[in-house]
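Novice: Provided herewith is a single structure, encoded as structure tokens, for subsequent inquiry.
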Amino acid sequence: MIVSQGYARLGLTVAVLALLAGCAPRDTPDESLSSFSAEEIYKRGEYELETSRRSEDSLRYFQEIERLYPYTEWSRRALIMQAFAHHRAREYEESRVAAQRFLDTYPGDEDAPYAAYLLALSFYDQIDEVGRDQGLTFQALQHLRRVIEEYPNTDYARSAVLKFELAFDHLAAKEMEIGRYYLKRGNYNAAINRFRVVVEDFQTSTHTPEALHRLVEAYLSLGLADEAQTAGAILGYNFEANPFYQDSFGLLTGQGLSPEARGEGWLQAIYRQSILGRWL
């Protein structure tokens, strides 16, 4: 990977770095850099990336390489380093722009998987607490999936899989939060709609057992025994050892009911799928 390779070369250019430091003051334009090679400027950028906390201290060098030496190997390297430097500084929008530009310009490059991963991270690292709008989570999922599908045999894909699962769970948590809000206020139909989303669209998330239990609660509150029993049956079939099943079992038996598939509807279809082994 370019980033790790670059850091390993820092110790080889002390004389060049000292000269560049004297010739290119930080508060003046980079015109003086035109007398240096792309490699020398690149190494100065690496040095600043390693030693400075300000992203602009390294970015000025990487950006100058693109201006002075366009369409070269060093220009390509400088672009991916811009994406990395922006991301490290939590300048996520700028990191996205640089990473996408790299992918557009060098789609088949060996560092394309890293650029795609940085692009996904620029969304993933902004995922906020559950109570906020989840637009960034959807974007993160979309770009993480791209890494997984387009670069499946890379370390970035393996890392993307883990982050995808966490982001996926995050979306389910948002639906659960809203569903609980409606359930607590007696808006049972609205609550059921949210829990249904979890059961149908996020069934592999950690929130599925609770979603089924809350469906039992909501349907019992509406007097819809068949639906409540079916939800309980699905919960027991797939998560028998889960504490939420024990709670649902207690609610059902307390009203003289049992967890079993009854009636028709979307839960009945889910039940049939789970019996056929296509639930999880």
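Going through the structure tokens in order, the chains are called A, B, and so on, while each chain numbers its residues from 1 and the ligands are numbered from 1 in the order shown.
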Quick one: DSSP helix (DSSP H, G or I) residues in segment 17-240 of chain A, as a ChimeraX atom specification?
Specialist: /A:17-23,30-35,38-51,55-68,73-88,92-105,112-124,135-150,155-184,188-201,208-221,225-238
Novice: With a distance cut-off of 12 Å and only C-alpha atoms, select the neighbouring residues of Ser274 of chain A, excluding the residue or stretch itself and same-chain residues fewer than 5 positions from it, and output the selection as a list in words.
Specialist: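 Result of the neighbour search: Val199, Glu200, Gln203, Thr230, Ala231, Ala233, Ile234, Leu235, Gly236, Tyr237, Asn238, Phe239, Ala261, Leu267, Gln268, Ala269, Trp279 and Leu280 of chain A.
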Novice: Next, write the just-selected residues to a file, as a PDB file, in the first residue's frame, keeping N, CA and C atoms as the atom set.
Specialist:
```pdb
ATOM      1  N   VAL A 199     -37.742  -7.007  10.787  1.00  0.00           N
ATOM      2  CA  VAL A 199     -37.922  -8.442  10.557  1.00  0.00           C
ATOM      3  C   VAL A 199     -37.727  -8.807   9.086  1.00  0.00           C
ATOM      4  N   GLU A 200     -38.189  -7.967   8.194  1.00  0.00           N
ATOM      5  CA  GLU A 200     -38.108  -8.288   6.767  1.00  0.00           C
ATOM      6  C   GLU A 200     -36.807  -7.848   6.121  1.00  0.00           C
ATOM      7  N   GLN A 203     -33.156  -8.870   8.941  1.00  0.00           N
ATOM      8  CA  GLN A 203     -33.353 -10.087   9.732  1.00  0.00           C
ATOM      9  C   GLN A 203     -32.067 -10.678  10.289  1.00  0.00           C
ATOM     10  N   THR A 230     -48.221 -15.902  15.808  1.00  0.00           N
ATOM     11  CA  THR A 230     -47.292 -16.224  14.727  1.00  0.00           C
ATOM     12  C   THR A 230     -45.940 -15.570  14.966  1.00  0.00           C
ATOM     13  N   ALA A 231     -45.942 -14.299  15.402  1.00  0.00           N
ATOM     14  CA  ALA A 231     -44.681 -13.632  15.722  1.00  0.00           C
ATOM     15  C   ALA A 231     -43.949 -14.379  16.824  1.00  0.00           C
ATOM     16  N   ALA A 233     -44.218 -17.563  17.458  1.00  0.00           N
ATOM     17  CA  ALA A 233     -43.734 -18.826  16.915  1.00  0.00           C
ATOM     18  C   ALA A 233     -42.436 -18.633  16.139  1.00  0.00           C
ATOM     19  N   ILE A 234     -42.342 -17.572  15.359  1.00  0.00           N
ATOM     20  CA  ILE A 234     -41.109 -17.279  14.613  1.00  0.00           C
ATOM     21  C   ILE A 234     -39.968 -17.006  15.575  1.00  0.00           C
ATOM     22  N   LEU A 235     -40.268 -16.241  16.612  1.00  0.00           N
ATOM     23  CA  LEU A 235     -39.253 -15.933  17.616  1.00  0.00           C
ATOM     24  C   LEU A 235     -38.759 -17.205  18.291  1.00  0.00           C
ATOM     25  N   GLY A 236     -39.679 -18.073  18.676  1.00  0.00           N
ATOM     26  CA  GLY A 236     -39.281 -19.309  19.341  1.00  0.00           C
ATOM     27  C   GLY A 236     -38.524 -20.248  18.423  1.00  0.00           C
ATOM     28  N   TYR A 237     -38.908 -20.293  17.151  1.00  0.00           N
ATOM     29  CA  TYR A 237     -38.255 -21.196  16.202  1.00  0.00           C
ATOM     30  C   TYR A 237     -36.815 -20.789  15.958  1.00  0.00           C
ATOM     31  N   ASN A 238     -36.558 -19.488  15.883  1.00  0.00           N
ATOM     32  CA  ASN A 238     -35.224 -19.014  15.528  1.00  0.00           C
ATOM     33  C   ASN A 238     -34.377 -18.579  16.715  1.00  0.00           C
ATOM     34  N   PHE A 239     -35.037 -18.179  17.821  1.00  0.00           N
ATOM     35  CA  PHE A 239     -34.283 -17.628  18.946  1.00  0.00           C
ATOM     36  C   PHE A 239     -34.835 -18.173  20.263  1.00  0.00           C
ATOM     37  N   ALA A 261     -48.106 -20.708  14.515  1.00  0.00           N
ATOM     38  CA  ALA A 261     -48.488 -19.990  13.297  1.00  0.00           C
ATOM     39  C   ALA A 261     -49.985 -20.103  13.069  1.00  0.00           C
ATOM     40  N   LEU A 267     -46.510 -12.259   8.311  1.00  0.00           N
ATOM     41  CA  LEU A 267     -45.822 -13.077   9.313  1.00  0.00           C
ATOM     42  C   LEU A 267     -45.959 -14.568   9.004  1.00  0.00           C
ATOM     43  N   GLN A 268     -47.081 -14.950   8.464  1.00  0.00           N
ATOM     44  CA  GLN A 268     -47.263 -16.349   8.084  1.00  0.00           C
ATOM     45  C   GLN A 268     -46.263 -16.739   6.994  1.00  0.00           C
ATOM     46  N   ALA A 269     -46.029 -15.808   6.057  1.00  0.00           N
ATOM     47  CA  ALA A 269     -45.042 -16.069   5.006  1.00  0.00           C
ATOM     48  C   ALA A 269     -43.641 -16.198   5.600  1.00  0.00           C
ATOM     49  N   TRP A 279     -34.846 -18.548   6.708  1.00  0.00           N
ATOM     50  CA  TRP A 279     -35.047 -17.379   7.576  1.00  0.00           C
ATOM     51  C   TRP A 279     -33.726 -16.689   7.899  1.00  0.00           C
ATOM     52  N   LEU A 280     -32.721 -17.476   8.240  1.00  0.00           N
ATOM     53  CA  LEU A 280     -31.426 -16.881   8.600  1.00  0.00           C
ATOM     54  C   LEU A 280     -30.380 -17.365   7.635  1.00  0.00           C
TER      55      LEU A 280
END
```
Novice: Between A:Ala228, A:Leu215, A:Ala241, A:Leu121, single out the one closest to Arg90 of chain A, counting only C-alpha atoms.
Specialist: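 Looking at the shortest contact to Arg90 of chain A, the residue is A:Leu121.
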Novice: Using only C-alpha atoms for the distances, tell me which of A:Ala172, A:Ala157, A:Ala89, A:Ala191 is nearest to Glu217 of chain A.
Specialist: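 Once distances to Glu217 of chain A are computed over only C-alpha atoms, the minimum belongs to A:Ala191.
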Novice: List as a list of chain:residue names the protein and nucleic acid residues near Leu220 of chain A, meaning an atom at most 9 Å away when only C-alpha atoms are counted, but skip any in the same chain fewer than 6 places from it.
Specialist: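 Contacts, in chain order: A:Glu227, A:Ala228, A:Gln229, A:Leu251, A:Leu252.
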Novice: For the residues in that selection, give me C-alpha atoms as a PDB file, in the first residue's frame.
Specialist:
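The resulting selection-v4.pdb:
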```pdb
ATOM      1  CA  GLU A 227     -50.529 -12.285  14.373  1.00  0.00           C
ATOM      2  CA  ALA A 228     -49.160 -12.201  17.926  1.00  0.00           C
ATOM      3  CA  GLN A 229     -49.001 -15.983  18.098  1.00  0.00           C
ATOM      4  CA  LEU A 251     -47.269 -12.644  27.390  1.00  0.00           C
ATOM      5  CA  LEU A 252     -48.976 -15.208  25.162  1.00  0.00           C
TER       6      LEU A 252
END
```
Novice: For segment 54-65 of chain A, list every protein, DNA or RNA residue within 9 Å, evaluated using only C-alpha atoms, and leave out those in the same chain fewer than 4 positions away; present the list as a CSV table (one decimal) with C-alpha atoms, in the first residue's frame.
Specialist:
```
chain,number,residue,atom,x,y,z
A,26,ARG,CA,4.9,27.4,4.6
A,30,ASP,CA,5.0,26.8,-3.9
A,33,LEU,CA,9.2,23.7,-5.7
A,34,SER,CA,9.4,23.8,-9.5
A,37,SER,CA,11.9,16.6,-8.7
A,38,ALA,CA,8.5,15.0,-8.2
A,39,GLU,CA,10.1,12.4,-5.9
A,41,ILE,CA,8.5,17.0,-3.3
A,42,TYR,CA,6.6,13.7,-2.6
A,43,LYS,CA,9.1,12.8,0.1
A,44,ARG,CA,8.7,16.2,1.7
A,45,GLY,CA,4.9,15.7,1.7
A,46,GLU,CA,5.4,12.4,3.4
A,47,TYR,CA,7.6,14.0,6.0
A,48,GLU,CA,5.0,16.7,6.7
A,49,LEU,CA,2.3,14.0,6.9
A,50,GLU,CA,4.3,12.2,9.5
A,69,TYR,CA,4.1,16.7,-12.8
A,70,PRO,CA,0.6,15.7,-14.1
A,74,TRP,CA,4.3,10.5,-8.7
A,75,SER,CA,1.1,12.4,-9.5
A,77,ARG,CA,0.7,8.6,-5.7
A,78,ALA,CA,0.2,12.1,-4.6
A,79,LEU,CA,-3.5,11.9,-5.3
A,81,MET,CA,-2.0,10.5,-0.4
A,82,GLN,CA,-4.3,13.5,-0.6
A,85,ALA,CA,-4.3,13.0,4.5
A,86,HIS,CA,-7.8,14.6,4.3
A,88,ARG,CA,-6.8,11.5,8.7
A,89,ALA,CA,-7.7,15.1,9.4
A,91,GLU,CA,-11.9,16.3,6.3
```
Novice: Between atom CA of Gly232 of chain A and atom CA of Ser248 of chain A, what is the distance, to one decimal in Å?
Specialist: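 Value for the atom CA of Gly232 of chain A-atom CA of Ser248 of chain A distance: 6.2 Å.
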Novice: Quick one: residues within 8 Å of Phe123 of chain A, only C-alpha atoms, excluding same-chain residues fewer than 2 positions away - as a PyMOL selection string?
Specialist: chain A and resi 92+119-121+125-127+136-137+139-140
Novice: Could you dump the residues just selected with N, CA, C and O atoms as a short mmCIF file (atom, residue, chain, number, x, y, z; two decimals), in the first residue's frame?
Specialist:
```cif
data_model
loop_
_atom_site.label_atom_id
_atom_site.label_comp_id
_atom_site.auth_asym_id
_atom_site.auth_seq_id
_atom_site.Cartn_x
_atom_site.Cartn_y
_atom_site.Cartn_z
N TYR A 92 -13.74 14.88 5.68
CA TYR A 92 -14.32 13.75 4.96
C TYR A 92 -14.79 14.10 3.55
O TYR A 92 -14.64 13.31 2.63
N LEU A 119 -13.06 5.99 0.39
CA LEU A 119 -14.34 6.61 0.03
C LEU A 119 -15.44 6.10 0.95
O LEU A 119 -16.27 6.87 1.45
N ALA A 120 -15.47 4.79 1.17
CA ALA A 120 -16.47 4.21 2.08
C ALA A 120 -16.28 4.70 3.51
O ALA A 120 -17.25 5.04 4.20
N LEU A 121 -15.03 4.77 3.94
CA LEU A 121 -14.75 5.23 5.30
C LEU A 121 -15.17 6.68 5.51
O LEU A 121 -15.55 7.07 6.62
N ASP A 125 -17.18 6.73 8.89
CA ASP A 125 -16.65 7.39 10.07
C ASP A 125 -17.48 8.59 10.51
O ASP A 125 -17.20 9.19 11.54
N GLN A 126 -18.49 8.95 9.72
CA GLN A 126 -19.38 10.03 10.10
C GLN A 126 -20.72 9.53 10.65
O GLN A 126 -21.57 10.34 11.00
N ILE A 127 -20.90 8.23 10.70
CA ILE A 127 -22.15 7.70 11.24
C ILE A 127 -22.27 8.13 12.69
O ILE A 127 -21.42 7.84 13.51
N LEU A 136 -26.15 9.08 5.98
CA LEU A 136 -24.75 8.71 5.85
C LEU A 136 -24.56 7.20 6.01
O LEU A 136 -23.66 6.62 5.40
N THR A 137 -25.38 6.59 6.82
CA THR A 137 -25.29 5.14 7.00
C THR A 137 -25.63 4.42 5.70
O THR A 137 -24.95 3.46 5.31
N GLN A 139 -25.25 5.63 2.72
CA GLN A 139 -24.13 5.87 1.82
C GLN A 139 -22.95 4.97 2.17
O GLN A 139 -22.28 4.42 1.29
N ALA A 140 -22.70 4.81 3.46
CA ALA A 140 -21.60 3.95 3.89
C ALA A 140 -21.85 2.51 3.45
O ALA A 140 -20.94 1.83 2.94
#
```
